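Text of upload_8.cif (mmCIF, C-alpha atoms) as supplied:
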```cif
data_protein
#
loop_
_atom_site.group_PDB
_atom_site.id
_atom_site.type_symbol
_atom_site.label_atom_id
_atom_site.label_comp_id
_atom_site.auth_asym_id
_atom_site.auth_seq_id
_atom_site.Cartn_x
_atom_site.Cartn_y
_atom_site.Cartn_z
ATOM 1 C CA MET A 1 93.195 112.318 94.283
ATOM 2 C CA ASP A 2 93.845 114.257 97.473
ATOM 3 C CA LEU A 3 90.620 116.014 98.536
ATOM 4 C CA GLN A 4 92.307 119.356 99.090
ATOM 5 C CA ASP A 5 94.029 119.254 95.691
ATOM 6 C CA PHE A 6 90.715 118.326 94.082
ATOM 7 C CA PHE A 7 88.984 121.197 95.861
ATOM 8 C CA GLU A 8 91.569 123.705 94.658
ATOM 9 C CA GLN A 9 91.251 122.487 91.072
ATOM 10 C CA GLU A 10 87.463 122.664 91.062
ATOM 11 C CA ARG A 11 87.423 126.046 92.823
ATOM 12 C CA SER A 12 89.810 127.420 90.193
ATOM 13 C CA ALA A 13 87.377 126.232 87.516
ATOM 14 C CA GLY A 14 84.430 127.836 89.332
ATOM 15 C CA ALA A 15 82.566 124.533 89.684
ATOM 16 C CA ASP A 16 79.964 124.005 92.399
ATOM 17 C CA LEU A 17 80.664 121.159 94.797
ATOM 18 C CA VAL A 18 78.674 118.780 96.951
ATOM 19 C CA ILE A 19 80.013 117.192 100.118
ATOM 20 C CA ALA A 20 78.851 113.591 100.561
ATOM 21 C CA LEU A 21 79.091 112.965 104.313
ATOM 22 C CA VAL A 22 78.467 109.671 106.097
ATOM 23 C CA VAL A 23 76.269 110.483 109.111
ATOM 24 C CA ALA A 24 75.152 107.029 110.270
ATOM 25 C CA THR A 25 75.999 103.368 109.670
ATOM 26 C CA GLU A 26 74.792 99.986 110.825
ATOM 27 C CA GLY A 27 76.592 96.698 110.425
ATOM 28 C CA SER A 28 79.655 96.276 108.221
ATOM 29 C CA THR A 29 80.388 99.307 106.012
ATOM 30 C CA TYR A 30 83.366 100.511 103.990
ATOM 31 C CA ARG A 31 83.521 103.902 105.771
ATOM 32 C CA LYS A 32 82.184 105.144 109.096
ATOM 33 C CA PRO A 33 80.408 108.349 110.253
ATOM 34 C CA GLY A 34 82.459 111.460 109.548
ATOM 35 C CA ALA A 35 83.969 110.154 106.308
ATOM 36 C CA PHE A 36 83.327 112.371 103.296
ATOM 37 C CA MET A 37 84.000 112.735 99.588
ATOM 38 C CA LEU A 38 83.551 115.568 97.094
ATOM 39 C CA LEU A 39 81.293 115.587 94.028
ATOM 40 C CA SER A 40 81.580 118.330 91.420
ATOM 41 C CA SER A 41 79.146 119.904 89.004
ATOM 42 C CA SER A 42 81.893 119.312 86.415
ATOM 43 C CA GLY A 43 81.235 115.565 86.657
ATOM 44 C CA ARG A 44 84.450 114.809 88.545
ATOM 45 C CA ARG A 45 84.676 113.416 92.059
ATOM 46 C CA ALA A 46 87.308 112.592 94.688
ATOM 47 C CA GLY A 47 87.278 110.153 97.576
ATOM 48 C CA LEU A 48 85.397 106.937 98.294
ATOM 49 C CA LEU A 49 82.602 106.081 100.698
ATOM 50 C CA SER A 50 82.116 102.532 99.451
ATOM 51 C CA GLY A 51 84.117 100.178 97.307
ATOM 52 C CA GLY A 52 82.912 102.180 94.305
ATOM 53 C CA CYS A 53 79.331 100.871 94.459
ATOM 54 C CA LEU A 54 77.469 103.969 95.666
ATOM 55 C CA GLU A 55 79.457 106.830 94.219
ATOM 56 C CA SER A 56 77.785 107.032 90.793
ATOM 57 C CA ASP A 57 74.320 107.069 92.345
ATOM 58 C CA LEU A 58 75.401 109.691 94.852
ATOM 59 C CA HIS A 59 76.762 111.839 92.037
ATOM 60 C CA GLU A 60 73.426 111.695 90.212
ATOM 61 C CA HIS A 61 71.646 112.814 93.381
ATOM 62 C CA ALA A 62 74.198 115.589 93.847
ATOM 63 C CA LEU A 63 73.747 116.951 90.321
ATOM 64 C CA LYS A 64 69.965 116.886 90.728
ATOM 65 C CA MET A 65 70.246 118.662 94.061
ATOM 66 C CA LEU A 66 72.325 121.420 92.465
ATOM 67 C CA ALA A 67 69.906 121.707 89.539
ATOM 68 C CA ASP A 68 66.974 122.005 91.964
ATOM 69 C CA ASN A 69 68.885 124.610 93.995
ATOM 70 C CA ARG A 70 68.551 122.558 97.174
ATOM 71 C CA CYS A 71 70.991 122.865 100.058
ATOM 72 C CA CYS A 72 70.822 119.374 101.484
ATOM 73 C CA THR A 73 69.443 115.878 100.847
ATOM 74 C CA ASN A 74 69.822 112.612 102.766
ATOM 75 C CA HIS A 75 70.095 109.133 101.261
ATOM 76 C CA ARG A 76 70.118 105.715 102.900
ATOM 77 C CA TYR A 77 71.698 102.654 101.341
ATOM 78 C CA ASP A 78 70.784 99.369 103.025
ATOM 79 C CA ASN A 79 72.589 96.251 101.842
ATOM 80 C CA ARG A 80 71.968 94.073 104.881
ATOM 81 C CA SER A 81 69.295 91.856 103.375
ATOM 82 C CA SER A 82 68.944 92.963 99.780
ATOM 83 C CA ASP A 83 68.504 90.306 97.122
ATOM 84 C CA ASP A 84 68.330 92.904 94.377
ATOM 85 C CA PRO A 85 70.638 91.587 91.599
ATOM 86 C CA ILE A 86 70.960 95.040 90.014
ATOM 87 C CA TRP A 87 71.477 97.498 92.865
ATOM 88 C CA GLY A 88 74.885 96.876 94.391
ATOM 89 C CA LEU A 89 75.680 93.964 92.083
ATOM 90 C CA GLY A 90 75.319 91.617 95.036
ATOM 91 C CA LEU A 91 77.393 93.762 97.390
ATOM 92 C CA GLY A 92 77.143 91.482 100.377
ATOM 93 C CA CYS A 93 78.426 94.259 102.667
ATOM 94 C CA GLU A 94 75.794 93.438 105.283
ATOM 95 C CA GLY A 95 75.517 97.055 106.358
ATOM 96 C CA SER A 96 73.646 100.291 105.817
ATOM 97 C CA MET A 97 74.845 103.862 105.375
ATOM 98 C CA THR A 98 73.052 107.186 105.656
ATOM 99 C CA ILE A 99 74.764 109.866 103.611
ATOM 100 C CA CYS A 100 74.015 113.573 103.717
ATOM 101 C CA LEU A 101 74.689 115.657 100.604
ATOM 102 C CA LEU A 102 75.637 119.263 101.400
ATOM 103 C CA ARG A 103 75.809 121.991 98.775
ATOM 104 C CA CYS A 104 79.062 123.949 98.641
ATOM 105 C CA ARG A 105 78.798 126.701 96.038
ATOM 106 C CA SER A 106 81.249 129.136 94.513
ATOM 107 C CA ASN A 107 79.031 132.134 95.317
ATOM 108 C CA GLU A 108 78.986 131.081 98.995
ATOM 109 C CA ASP A 109 82.790 131.003 99.265
ATOM 110 C CA TYR A 110 82.721 127.195 99.253
ATOM 111 C CA LYS A 111 82.011 127.026 102.982
ATOM 112 C CA PRO A 112 82.517 124.893 104.997
ATOM 113 C CA LEU A 113 85.343 123.479 102.819
ATOM 114 C CA THR A 114 87.338 126.715 102.958
ATOM 115 C CA THR A 115 87.154 126.610 106.754
ATOM 116 C CA ILE A 116 88.258 122.966 106.823
ATOM 117 C CA PHE A 117 91.233 123.380 104.530
ATOM 118 C CA ASP A 118 92.350 126.632 106.157
ATOM 119 C CA ARG A 119 92.467 124.777 109.480
ATOM 120 C CA PHE A 120 94.416 121.961 107.845
ATOM 121 C CA LEU A 121 97.276 124.406 107.235
ATOM 122 C CA LYS A 122 97.551 124.825 111.017
ATOM 123 C CA ASN A 123 97.175 121.088 111.614
ATOM 124 C CA ASP A 124 94.007 121.787 113.597
ATOM 125 C CA PRO A 125 90.820 119.680 113.621
ATOM 126 C CA THR A 126 87.473 121.356 113.000
ATOM 127 C CA ASP A 127 84.130 120.456 114.553
ATOM 128 C CA PHE A 128 80.803 121.358 112.969
ATOM 129 C CA LEU A 129 77.212 120.834 114.012
ATOM 130 C CA ILE A 130 75.311 120.057 110.799
ATOM 131 C CA ASP A 131 71.538 120.490 110.577
ATOM 132 C CA LEU A 132 70.521 117.516 108.440
ATOM 133 C CA ARG A 133 67.224 119.172 107.507
ATOM 134 C CA ASP A 134 68.583 122.226 105.718
ATOM 135 C CA GLY A 135 72.368 121.739 105.552
ATOM 136 C CA SER A 136 73.160 124.723 107.756
ATOM 137 C CA PHE A 137 76.187 124.393 110.008
ATOM 138 C CA THR A 138 77.941 126.046 112.914
ATOM 139 C CA THR A 139 81.495 125.630 114.155
ATOM 140 C CA VAL A 140 81.639 124.231 117.679
ATOM 141 C CA ASP A 141 84.339 123.948 120.323
ATOM 142 C CA THR A 142 86.506 120.896 119.638
ATOM 143 C CA LYS A 143 86.715 120.240 123.380
ATOM 144 C CA THR A 144 82.952 120.010 123.803
ATOM 145 C CA SER A 145 81.761 116.408 124.006
ATOM 146 C CA THR A 146 78.462 115.606 122.270
ATOM 147 C CA PRO A 147 77.134 112.474 120.546
ATOM 148 C CA ASP A 148 77.728 112.275 116.790
ATOM 149 C CA LEU A 149 74.025 112.174 115.959
ATOM 150 C CA ILE A 150 71.570 114.278 117.961
ATOM 151 C CA ALA A 151 68.058 114.056 116.485
ATOM 152 C CA ASP A 152 68.344 116.071 113.257
ATOM 153 C CA TYR A 153 71.912 117.233 113.902
ATOM 154 C CA PHE A 154 75.264 115.585 113.180
ATOM 155 C CA ARG A 155 78.489 116.424 115.009
ATOM 156 C CA TRP A 156 81.170 116.332 112.314
ATOM 157 C CA ARG A 157 84.824 116.320 113.296
ATOM 158 C CA VAL A 158 87.264 116.814 110.425
ATOM 159 C CA VAL A 159 90.806 115.807 111.325
ATOM 160 C CA PRO A 160 93.665 117.112 109.146
ATOM 161 C CA PRO A 161 95.882 114.630 107.313
ATOM 162 C CA LEU A 162 99.102 113.624 108.999
ATOM 163 C CA ARG A 163 102.018 115.924 108.304
ATOM 164 C CA LEU A 164 105.291 114.054 107.925
ATOM 165 C CA LEU A 165 108.729 115.650 108.118
ATOM 166 C CA ILE A 166 111.505 113.618 106.453
ATOM 167 C CA CYS A 167 114.975 114.731 107.536
ATOM 168 C CA GLY A 168 117.236 113.485 104.769
ATOM 169 C CA ALA A 169 116.300 113.480 101.095
ATOM 170 C CA GLY A 170 118.356 110.568 99.860
ATOM 171 C CA PRO A 171 117.099 108.021 97.329
ATOM 172 C CA ASP A 172 115.424 105.889 100.013
ATOM 173 C CA ALA A 173 113.230 108.833 101.004
ATOM 174 C CA ASP A 174 111.398 108.536 97.686
ATOM 175 C CA PRO A 175 109.436 105.333 98.482
ATOM 176 C CA LEU A 176 108.615 106.732 101.934
ATOM 177 C CA LEU A 177 107.182 109.838 100.296
ATOM 178 C CA ALA A 178 105.275 107.699 97.777
ATOM 179 C CA PHE A 179 103.546 105.599 100.447
ATOM 180 C CA ALA A 180 102.782 108.644 102.604
ATOM 181 C CA HIS A 181 101.402 110.579 99.635
ATOM 182 C CA ARG A 182 99.088 107.698 98.700
ATOM 183 C CA LEU A 183 97.690 107.866 102.231
ATOM 184 C CA GLY A 184 96.962 111.568 101.784
ATOM 185 C CA TRP A 185 99.660 112.752 104.178
ATOM 186 C CA LYS A 186 101.394 116.090 103.667
ATOM 187 C CA VAL A 187 105.138 115.576 103.372
ATOM 188 C CA THR A 188 108.074 117.970 103.777
ATOM 189 C CA LEU A 189 111.643 116.845 102.987
ATOM 190 C CA LEU A 190 114.793 118.534 104.251
ATOM 191 C CA ASP A 191 118.439 118.064 103.355
ATOM 192 C CA HIS A 192 121.653 120.031 103.774
ATOM 193 C CA ARG A 193 123.047 118.694 100.475
ATOM 194 C CA PRO A 194 122.094 120.769 97.413
ATOM 195 C CA ALA A 195 122.228 117.751 95.108
ATOM 196 C CA TYR A 196 119.582 115.977 97.236
ATOM 197 C CA ALA A 197 117.140 118.775 98.065
ATOM 198 C CA LEU A 198 115.503 118.886 94.627
ATOM 199 C CA MET A 199 111.748 119.325 94.296
ATOM 200 C CA GLN A 200 111.644 117.564 90.935
ATOM 201 C CA GLN A 201 112.993 114.391 92.541
ATOM 202 C CA PHE A 202 110.044 114.065 94.918
ATOM 203 C CA VAL A 203 106.705 114.124 93.135
ATOM 204 C CA GLY A 204 103.885 114.628 95.612
ATOM 205 C CA ALA A 205 105.901 116.407 98.293
ATOM 206 C CA GLU A 206 104.398 119.561 99.736
ATOM 207 C CA THR A 207 107.856 121.076 100.288
ATOM 208 C CA VAL A 208 111.461 120.108 99.558
ATOM 209 C CA LYS A 209 113.909 122.425 101.272
ATOM 210 C CA GLN A 210 117.682 122.764 101.457
ATOM 211 C CA ILE A 211 118.735 123.738 104.974
ATOM 212 C CA GLU A 212 121.822 124.720 106.921
ATOM 213 C CA LEU A 213 122.255 122.149 109.651
ATOM 214 C CA HIS A 214 123.224 124.512 112.467
ATOM 215 C CA LYS A 215 119.974 126.458 112.057
ATOM 216 C CA TRP A 216 117.679 123.987 110.360
ATOM 217 C CA THR A 217 114.687 124.674 112.622
ATOM 218 C CA GLN A 218 114.620 128.371 111.727
ATOM 219 C CA ASP A 219 111.722 129.401 109.489
ATOM 220 C CA LEU A 220 110.120 125.989 110.024
ATOM 221 C CA ASP A 221 107.068 125.581 112.261
ATOM 222 C CA LEU A 222 107.730 122.160 113.756
ATOM 223 C CA GLU A 223 104.451 122.207 115.667
ATOM 224 C CA ARG A 224 102.613 121.670 112.368
ATOM 225 C CA PHE A 225 104.035 118.172 111.999
ATOM 226 C CA SER A 226 102.542 114.967 113.334
ATOM 227 C CA ALA A 227 105.637 112.835 112.789
ATOM 228 C CA ALA A 228 109.287 113.144 111.774
ATOM 229 C CA VAL A 229 111.712 110.550 110.418
ATOM 230 C CA VAL A 230 115.474 111.135 110.553
ATOM 231 C CA MET A 231 117.209 109.325 107.694
ATOM 232 C CA SER A 232 120.095 111.359 106.293
ATOM 233 C CA HIS A 233 122.636 108.495 106.615
ATOM 234 C CA HIS A 234 125.035 111.124 107.944
ATOM 235 C CA LEU A 235 125.901 110.867 111.637
ATOM 236 C CA GLY A 236 126.540 114.555 112.200
ATOM 237 C CA ALA A 237 123.399 115.584 110.313
ATOM 238 C CA ASP A 238 121.239 113.090 112.185
ATOM 239 C CA ALA A 239 122.561 114.474 115.494
ATOM 240 C CA GLN A 240 121.559 117.997 114.454
ATOM 241 C CA TYR A 241 118.128 116.825 113.365
ATOM 242 C CA LEU A 242 117.527 114.927 116.603
ATOM 243 C CA ALA A 243 118.600 117.913 118.674
ATOM 244 C CA GLY A 244 116.035 120.115 116.942
ATOM 245 C CA LEU A 245 113.310 117.491 117.224
ATOM 246 C CA ALA A 246 114.065 116.978 120.914
ATOM 247 C CA ARG A 247 113.183 120.628 121.481
ATOM 248 C CA SER A 248 109.908 120.247 119.557
ATOM 249 C CA LYS A 249 106.603 118.676 120.583
ATOM 250 C CA ILE A 250 106.293 116.365 117.570
ATOM 251 C CA PRO A 251 104.754 113.226 119.125
ATOM 252 C CA TYR A 252 106.410 110.672 116.829
ATOM 253 C CA VAL A 253 110.138 110.795 116.013
ATOM 254 C CA GLY A 254 111.660 107.956 114.023
ATOM 255 C CA LEU A 255 115.354 107.267 113.487
ATOM 256 C CA LEU A 256 116.706 104.997 110.761
ATOM 257 C CA GLY A 257 119.599 102.718 111.632
ATOM 258 C CA PRO A 258 120.663 99.992 114.081
ATOM 259 C CA PRO A 259 120.472 100.223 117.901
ATOM 260 C CA ALA A 260 124.217 100.860 118.267
ATOM 261 C CA ARG A 261 123.925 103.953 116.068
ATOM 262 C CA ARG A 262 120.926 105.126 118.096
ATOM 263 C CA GLU A 263 122.835 104.820 121.357
ATOM 264 C CA ARG A 264 125.784 106.769 119.974
ATOM 265 C CA LEU A 265 123.533 109.592 118.786
ATOM 266 C CA LEU A 266 121.623 109.743 122.090
ATOM 267 C CA ALA A 267 124.897 109.874 123.993
ATOM 268 C CA ASP A 268 126.012 112.786 121.830
ATOM 269 C CA LEU A 269 122.769 114.615 122.631
ATOM 270 C CA GLY A 270 123.438 114.484 126.365
ATOM 271 C CA PRO A 271 120.561 115.783 128.541
ATOM 272 C CA LEU A 272 118.503 116.604 125.410
ATOM 273 C CA ALA A 273 118.064 112.866 124.838
ATOM 274 C CA LEU A 274 115.684 112.759 127.806
ATOM 275 C CA ASP A 275 113.213 114.884 125.816
ATOM 276 C CA LEU A 276 112.978 112.102 123.234
ATOM 277 C CA THR A 277 112.497 109.218 125.651
ATOM 278 C CA THR A 278 108.777 108.628 125.097
ATOM 279 C CA ARG A 279 108.686 109.761 121.457
ATOM 280 C CA LEU A 280 111.625 108.108 119.743
ATOM 281 C CA ARG A 281 111.176 105.001 117.592
ATOM 282 C CA ALA A 282 114.600 103.623 116.793
ATOM 283 C CA PRO A 283 115.071 101.605 114.740
ATOM 284 C CA VAL A 284 112.049 103.157 113.086
ATOM 285 C CA GLY A 285 109.358 100.971 111.505
ATOM 286 C CA LEU A 286 107.467 97.766 112.223
ATOM 287 C CA ASN A 287 109.472 94.572 111.920
ATOM 288 C CA LEU A 288 108.013 93.300 108.646
ATOM 289 C CA GLY A 289 111.178 91.491 107.618
ATOM 290 C CA GLY A 290 111.957 93.510 104.473
ATOM 291 C CA ARG A 291 115.357 94.844 103.504
ATOM 292 C CA THR A 292 114.723 96.874 100.349
ATOM 293 C CA PRO A 293 114.107 100.655 100.490
ATOM 294 C CA GLU A 294 110.478 100.023 99.543
ATOM 295 C CA ALA A 295 109.966 97.430 102.287
ATOM 296 C CA ILE A 296 111.604 99.689 104.866
ATOM 297 C CA ALA A 297 109.418 102.616 103.746
ATOM 298 C CA LEU A 298 106.336 100.407 104.091
ATOM 299 C CA SER A 299 107.357 99.418 107.619
ATOM 300 C CA ILE A 300 107.828 103.079 108.607
ATOM 301 C CA VAL A 301 104.510 104.222 107.186
ATOM 302 C CA ALA A 302 102.756 101.240 108.796
ATOM 303 C CA GLU A 303 104.201 102.085 112.210
ATOM 304 C CA ILE A 304 103.193 105.743 111.943
ATOM 305 C CA GLN A 305 99.686 104.810 110.769
ATOM 306 C CA ALA A 306 99.282 102.337 113.633
ATOM 307 C CA ALA A 307 100.617 104.792 116.212
ATOM 308 C CA PHE A 308 98.103 107.497 115.297
ATOM 309 C CA SER A 309 95.177 105.176 114.589
ATOM 310 C CA LEU A 310 95.587 103.437 117.952
ATOM 311 C CA ASN A 311 96.195 106.752 119.766
ATOM 312 C CA ALA A 312 99.608 105.521 120.820
ATOM 313 C CA VAL A 313 101.120 108.996 120.446
#
```
Go ahead and express the file in the form of structure tokens.
Amino acid sequence: MDLQDFFEQERSAGADLVIALVVATEGSTYRKPGAFMLLSSSGRRAGLLSGGCLESDLHEHALKMLADNRCCTNHRYDNRSSDDPIWGLGLGCEGSMTICLLRCRSNEDYKPLTTIFDRFLKNDPTDFLIDLRDGSFTTVDTKTSTPDLIADYFRWRVVPPLRLLICGAGPDADPLLAFAHRLGWKVTLLDHRPAYALMQQFVGAETVKQIELHKWTQDLDLERFSAAVVMSHHLGADAQYLAGLARSKIPYVGLLGPPARRERLLADLGPLALDLTTRLRAPVGLNLGGRTPEAIALSIVAEIQAAFSLNAV
């Protein structure tokens, strides 16, 4: 389950939460420093820090920490040379992880989670300096460069999930939404056709909106989005979408369709096309060889993931 959705559910129920935060690793590990999951006093949890091997033990420690009214505990799991047939069930991960458990209570306004998720709405990262001795934290300038681990302190950067704008809510947008949603991305779909812009058709979308093409960027903060994909299958609509995206700062713009169609649309844009030169992927998606809507959606999501993971945008 999406961590933010899980947080909202548990907050509505008044449950206390514990953040399980990876603060150090050695060798081969499933997740790296900065990764986190949420553990609830209700017995539920969201996220993974291992392949499912450590989470139950972490949850037991979290419940005990809450019962003892402690703010913070640290736990190290070392699987590099363990021959223990019980712990880890022969994990063979050849790595170690140090995980800090941080209390996040209802009567403390669930900080720092409320700060994190409020910043997510603005598509802004958040940096904290966590005191690993008592769990206290301060927000620090995201532009300040410091090592992740400084003695008893951990510099924790929380980056918001990618926000994807899909321009065109036809049937082939559904598998694209499905893949993006599974990755935890926040997805908005737009379409000028009333029969297509239906929320019930797109389970997992943050927003599905019917727009008027000549003013589609009005009432829409494009700067919140990490990537946009134009796929309305309508030449005039795609031209309107590309014109609006050219005026934005969205770093990744994808266009569905063959090169000849791309060239026609760019010619129609005139001088505005220059503003898309370094951002436009057309045809959008990695060349994985698939032809079905699902295969094409996979290729698009893979290209976006690679672009942001490799800092290519």
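A straight line drawn from atom CA of Ser309 of chain A to atom CA of Thr188 of chain A is 21.1 Å long.
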>> If we count all atoms listed in the file and set the cut-off at 8 Å, which residues sit around Val301 of chain A, ignoring sequence neighbours fewer than 4 positions away in its own chain? Please answer as a PyMOL selection string.
In response: chain A and resi 176+179-180+285+297+305
> Is there a way to get, as a PyMOL selection string, all residues within 12 Å of the point (88.5, 129.0, 93.8) in file coordinates, counting only C-alpha atoms?
Replying inline: chain A and resi 4-17+104-111+113-114
> Given the file above and the PyMOL selection byres ((chain A and resi 245) around 12), which residues are selected, and can you give them as number ranges by chain?
Replying inline: A: 165-167, 216-217, 220-223, 225-230, 238-244, 246-255, 269, 272-277, 279-280
Output C-alpha atoms for every residue in the selection just made, as a PDB file, in the frame of the given file.
```pdb
ATOM      1  CA  LEU A 165     108.729 115.650 108.118  1.00  0.00           C
ATOM      2  CA  ILE A 166     111.505 113.618 106.453  1.00  0.00           C
ATOM      3  CA  CYS A 167     114.975 114.731 107.536  1.00  0.00           C
ATOM      4  CA  TRP A 216     117.679 123.987 110.360  1.00  0.00           C
ATOM      5  CA  THR A 217     114.687 124.674 112.622  1.00  0.00           C
ATOM      6  CA  LEU A 220     110.120 125.989 110.024  1.00  0.00           C
ATOM      7  CA  ASP A 221     107.068 125.581 112.261  1.00  0.00           C
ATOM      8  CA  LEU A 222     107.730 122.160 113.756  1.00  0.00           C
ATOM      9  CA  GLU A 223     104.451 122.207 115.667  1.00  0.00           C
ATOM     10  CA  PHE A 225     104.035 118.172 111.999  1.00  0.00           C
ATOM     11  CA  SER A 226     102.542 114.967 113.334  1.00  0.00           C
ATOM     12  CA  ALA A 227     105.637 112.835 112.789  1.00  0.00           C
ATOM     13  CA  ALA A 228     109.287 113.144 111.774  1.00  0.00           C
ATOM     14  CA  VAL A 229     111.712 110.550 110.418  1.00  0.00           C
ATOM     15  CA  VAL A 230     115.474 111.135 110.553  1.00  0.00           C
ATOM     16  CA  ASP A 238     121.239 113.090 112.185  1.00  0.00           C
ATOM     17  CA  ALA A 239     122.561 114.474 115.494  1.00  0.00           C
ATOM     18  CA  GLN A 240     121.559 117.997 114.454  1.00  0.00           C
ATOM     19  CA  TYR A 241     118.128 116.825 113.365  1.00  0.00           C
ATOM     20  CA  LEU A 242     117.527 114.927 116.603  1.00  0.00           C
ATOM     21  CA  ALA A 243     118.600 117.913 118.674  1.00  0.00           C
ATOM     22  CA  GLY A 244     116.035 120.115 116.942  1.00  0.00           C
ATOM     23  CA  ALA A 246     114.065 116.978 120.914  1.00  0.00           C
ATOM     24  CA  ARG A 247     113.183 120.628 121.481  1.00  0.00           C
ATOM     25  CA  SER A 248     109.908 120.247 119.557  1.00  0.00           C
ATOM     26  CA  LYS A 249     106.603 118.676 120.583  1.00  0.00           C
ATOM     27  CA  ILE A 250     106.293 116.365 117.570  1.00  0.00           C
ATOM     28  CA  PRO A 251     104.754 113.226 119.125  1.00  0.00           C
ATOM     29  CA  TYR A 252     106.410 110.672 116.829  1.00  0.00           C
ATOM     30  CA  VAL A 253     110.138 110.795 116.013  1.00  0.00           C
ATOM     31  CA  GLY A 254     111.660 107.956 114.023  1.00  0.00           C
ATOM     32  CA  LEU A 255     115.354 107.267 113.487  1.00  0.00           C
ATOM     33  CA  LEU A 269     122.769 114.615 122.631  1.00  0.00           C
ATOM     34  CA  LEU A 272     118.503 116.604 125.410  1.00  0.00           C
ATOM     35  CA  ALA A 273     118.064 112.866 124.838  1.00  0.00           C
ATOM     36  CA  LEU A 274     115.684 112.759 127.806  1.00  0.00           C
ATOM     37  CA  ASP A 275     113.213 114.884 125.816  1.00  0.00           C
ATOM     38  CA  LEU A 276     112.978 112.102 123.234  1.00  0.00           C
ATOM     39  CA  THR A 277     112.497 109.218 125.651  1.00  0.00           C
ATOM     40  CA  ARG A 279     108.686 109.761 121.457  1.00  0.00           C
ATOM     41  CA  LEU A 280     111.625 108.108 119.743  1.00  0.00           C
TER      42      LEU A 280
END
```
>> Using the chain letters and numbers from this file, what does the PyMOL selection byres ((chain A and resi 58) around 12) select? Give the answer as number ranges by chain.
In response: A: 18-22, 36-40, 43, 45, 48-50, 52-57, 59-65, 73-77, 98-102
>> the PyMOL selection byres ((chain A and resi 201-203) around 10) - which residues does that actually catch in the file I just gave you? List them as a list in words.
In response: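 With the shown file as input, the PyMOL selection byres ((chain A and resi 201-203) around 10) matches Ala169, Gly170, Pro171, Ala173, Asp174, Pro175, Leu177, Ala178, His181, Val187, Thr188, Leu189, Tyr196, Ala197, Leu198, Met199, Gln200, Gly204, Ala205, Glu206, Thr207 and Val208 of chain A.
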>> Give me the residues near Asn123 of chain A as a PyMOL selection string, where near means some atom within 10 Å (using all atoms listed in the file) and where sequence neighbours in that chain fewer than 2 positions away do not count.
In response: chain A and resi 117-121+125-126+159-163+223-226
> How many Å separate atom CA of Pro258 of chain A from atom CA of Ala282 of chain A?
Replying inline: 7.6 Å
>> Under the rule that all atoms listed in the file are counted, which of A:Val140, A:Val23, A:Leu298, A:Cys72 is the nearest residue to Met97 of chain A?
In response: A:Val23
>> Restricting the calculation to only C-alpha atoms: of A:Leu164, A:Leu149, A:Gly257, A:Pro112, which residue gets closest to Leu183 of chain A?
In response: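 Of A:Leu164, A:Leu149, A:Gly257, A:Pro112, the one nearest Leu183 of chain A, counting only C-alpha atoms, is A:Leu164.
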> In Å to one decimal, how far is atom CA of Asp134 of chain A from atom CA of Leu66 of chain A?
Replying inline: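 That distance, rounded to one decimal, is 13.8 Å.
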>> Need the shell around Leu288 of chain A: protein/DNA/RNA residues with any atom at most 10 Å away, counting all atoms listed in the file. Skip same-chain ones fewer than 6 positions apart. Format as a list in words?
In response: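 In the requested format, the answer is Ala295, Ile296, Leu298, Ser299, Ile300 and Ala302 of chain A.
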Include C-alpha atoms and write out the residues we just selected as a PDB file, keeping the file's coordinate frame.
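Contents of selection_20.pdb, freshly written:
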```pdb
ATOM      1  CA  ALA A 295     109.966  97.430 102.287  1.00  0.00           C
ATOM      2  CA  ILE A 296     111.604  99.689 104.866  1.00  0.00           C
ATOM      3  CA  LEU A 298     106.336 100.407 104.091  1.00  0.00           C
ATOM      4  CA  SER A 299     107.357  99.418 107.619  1.00  0.00           C
ATOM      5  CA  ILE A 300     107.828 103.079 108.607  1.00  0.00           C
ATOM      6  CA  ALA A 302     102.756 101.240 108.796  1.00  0.00           C
TER       7      ALA A 302
END
```
> Taking all atoms listed in the file into account, which of A:His192, A:Arg31, A:Arg155, A:Ser42 comes nearest Lys215 of chain A?
Replying inline: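 Using all atoms listed in the file, Lys215 of chain A sits closest to A:His192.
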Would you mind completing segment 299-305 of chain A to N, CA and C atoms and writing the output as a PDB file, in the coordinates of the input?
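Saved the output as result37.pdb:
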```
ATOM      1  N   SER A 299     107.354  99.676 106.181  1.00  0.00           N
ATOM      2  CA  SER A 299     107.357  99.418 107.619  1.00  0.00           C
ATOM      3  C   SER A 299     107.257 100.715 108.421  1.00  0.00           C
ATOM      4  N   ILE A 300     107.879 101.778 107.918  1.00  0.00           N
ATOM      5  CA  ILE A 300     107.828 103.079 108.607  1.00  0.00           C
ATOM      6  C   ILE A 300     106.428 103.661 108.541  1.00  0.00           C
ATOM      7  N   VAL A 301     105.855 103.674 107.351  1.00  0.00           N
ATOM      8  CA  VAL A 301     104.510 104.222 107.186  1.00  0.00           C
ATOM      9  C   VAL A 301     103.504 103.413 108.006  1.00  0.00           C
ATOM     10  N   ALA A 302     103.666 102.084 108.028  1.00  0.00           N
ATOM     11  CA  ALA A 302     102.756 101.240 108.796  1.00  0.00           C
ATOM     12  C   ALA A 302     102.835 101.549 110.286  1.00  0.00           C
ATOM     13  N   GLU A 303     104.056 101.778 110.787  1.00  0.00           N
ATOM     14  CA  GLU A 303     104.201 102.085 112.210  1.00  0.00           C
ATOM     15  C   GLU A 303     103.580 103.434 112.555  1.00  0.00           C
ATOM     16  N   ILE A 304     103.784 104.427 111.696  1.00  0.00           N
ATOM     17  CA  ILE A 304     103.193 105.743 111.943  1.00  0.00           C
ATOM     18  C   ILE A 304     101.668 105.652 111.900  1.00  0.00           C
ATOM     19  N   GLN A 305     101.137 104.961 110.887  1.00  0.00           N
ATOM     20  CA  GLN A 305      99.686 104.810 110.769  1.00  0.00           C
ATOM     21  C   GLN A 305      99.119 104.128 112.007  1.00  0.00           C
TER      22      GLN A 305
END
```
